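Asks: I have a structure here, written as structure tokens, and I will follow up with some questions on it.
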Amino acid sequence: MALNYEVKKRAFGFDKTKTEKYVAQMKTLGVVGFKDLCDEVSKIGMAPRGVVKLVLDGLIDTLNMDLNKGFSVQLGEFGCFRPGINAKSQDTLEEVTASTIYRRKIIFTPGVYFKDMLTRASVEKLNFAGSVSGGGSNPDGGGSDGDENENPLG
């Protein structure tokens with residue numbers, strides 16, 4: 001398995017010069033739909049597709065209920081889902097109200113299984129045609145993507 005990236009030019013506004021630099025950006029290959037996911041789990045887990053769909057639908061409904069109540073939900077080695085918010089800062093304690101919350105979100109923290117998978121995954125650069133170029137880097141991050149002179153951060 002390889003994680004694919006492409007190089008993007010970004011303007012960083014950390015200083016007055018708005019310095020432009022190059023940075024690697026993750027490039028996904030598409031989306032696996034719910035139907036396809038159920039089919040894949042059915043083939044690997046040898047459970048009928050209908051059972052897989054029923055269990056996943058039940059899991060989604062249960063996650064929704066528990067997160068809506070304010071609970072974090074731990075799914076074993078898969079990871080943990082928890083509710084979160086973004087809020088505007090205020091100068092005084094009294095000014096902080098529910099109206100200062102501008103975003104509600106679900107935060108996922110991957111478990112050991114996924115963290116280990118990412119450390120073992122190779123990283124490959126995509127060229128503009130969408131195909132992979134060069135060899136992958138070492139999973140420990142110490143390798144090259146095939147162009148040793150390239151430095152995406154300048």
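By convention in this document, the chains of the structure tokens carry letters A, B, ... by their order, each chain's residues are numbered from 1, and ligands are numbered from 1 in the order they are shown.
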Mind listing the helix (DSSP H, G or I) residues of stretch 45-119 of chain A, per DSSP on the backbone, as an mmCIF file with C-alpha atoms, in the first residue's frame?
Replies:
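Saved result, states03.cif, follows:
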```
data_model
loop_
_atom_site.group_PDB
_atom_site.id
_atom_site.type_symbol
_atom_site.label_atom_id
_atom_site.label_comp_id
_atom_site.auth_asym_id
_atom_site.auth_seq_id
_atom_site.Cartn_x
_atom_site.Cartn_y
_atom_site.Cartn_z
ATOM 1 C CA GLY A 45 -15.449 -11.443 7.035
ATOM 2 C CA ARG A 49 -23.815 -8.622 2.811
ATOM 3 C CA GLY A 50 -27.185 -7.952 4.466
ATOM 4 C CA VAL A 51 -25.777 -8.769 7.907
ATOM 5 C CA VAL A 52 -22.784 -6.498 7.320
ATOM 6 C CA LYS A 53 -25.085 -3.641 6.238
ATOM 7 C CA LEU A 54 -27.354 -4.212 9.243
ATOM 8 C CA VAL A 55 -24.417 -4.127 11.681
ATOM 9 C CA LEU A 56 -22.833 -1.028 10.087
ATOM 10 C CA ASP A 57 -26.181 0.797 10.027
ATOM 11 C CA GLY A 58 -26.674 -0.075 13.697
ATOM 12 C CA LEU A 59 -23.148 1.120 14.505
ATOM 13 C CA ILE A 60 -23.737 4.435 12.732
ATOM 14 C CA ASP A 61 -27.058 4.971 14.529
ATOM 15 C CA THR A 62 -25.513 4.111 17.913
ATOM 16 C CA LEU A 63 -22.515 6.396 17.300
ATOM 17 C CA ASN A 64 -24.917 9.181 16.382
ATOM 18 C CA MET A 65 -26.939 8.754 19.592
ATOM 19 C CA ASP A 66 -23.921 8.500 21.919
ATOM 20 C CA LEU A 67 -22.009 11.402 20.336
ATOM 21 C CA ASN A 68 -25.169 13.523 20.440
ATOM 22 C CA LYS A 69 -25.332 12.858 24.200
ATOM 23 C CA LEU A 93 -16.019 35.146 30.939
ATOM 24 C CA GLU A 94 -19.521 36.581 30.584
ATOM 25 C CA GLU A 95 -19.151 37.000 26.819
ATOM 26 C CA ALA A 98 -23.353 29.070 23.058
ATOM 27 C CA SER A 99 -23.576 31.655 20.260
ATOM 28 C CA THR A 100 -19.757 31.932 20.197
ATOM 29 C CA VAL A 112 -3.104 1.259 17.427
ATOM 30 C CA TYR A 113 -4.072 -0.852 14.376
ATOM 31 C CA PHE A 114 -4.342 2.180 12.073
ATOM 32 C CA LYS A 115 -1.345 4.005 13.541
ATOM 33 C CA ASP A 116 0.801 0.929 12.900
ATOM 34 C CA MET A 117 -0.548 0.662 9.343
ATOM 35 C CA LEU A 118 0.467 4.251 8.605
ATOM 36 C CA THR A 119 4.001 3.746 9.878
#
```
Asks: Identify, with DSSP run on backbone atoms, the residues in stretch 7-119 of chain A assigned to strand (DSSP E), and express the list as number ranges by chain.
Replies: A: 7-11, 20-26, 73-74, 79-87, 101-110
Asks: Nearest residue to A:Arg10 out of A:Gly79, A:Lys125, A:Pro48, A:Val23, using only C-alpha atoms?
Replies: A:Val23
Asks: Any idea what the distance is between atom CA of A:Asp36 and atom CA of A:Leu75?
Replies: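 Calculated distance between atom CA of A:Asp36 and atom CA of A:Leu75 is 21.6 Å.
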Asks: Which neighbours of A:Lys8 fall inside 8 Å, counting only C-alpha atoms, when residues of the same chain fewer than 6 positions from it are skipped, and could you give them as a compact mmCIF listing (two decimals) with N, CA and C atoms, in the first residue's frame?
Replies:
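Saved as result.txt:
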```txt
# COMPACT_ATOMS: atom_id res chain seq x y z
N TYR A 22 6.73 25.31 -1.42
CA TYR A 22 6.14 24.08 -1.96
C TYR A 22 5.96 23.08 -0.83
N VAL A 23 4.85 22.37 -0.85
CA VAL A 23 4.56 21.42 0.21
C VAL A 23 3.86 20.19 -0.37
N ALA A 24 4.14 19.02 0.22
CA ALA A 24 3.47 17.79 -0.19
C ALA A 24 2.05 17.80 0.36
N GLN A 25 1.09 17.39 -0.48
CA GLN A 25 -0.31 17.35 -0.08
C GLN A 25 -0.86 15.97 -0.41
```
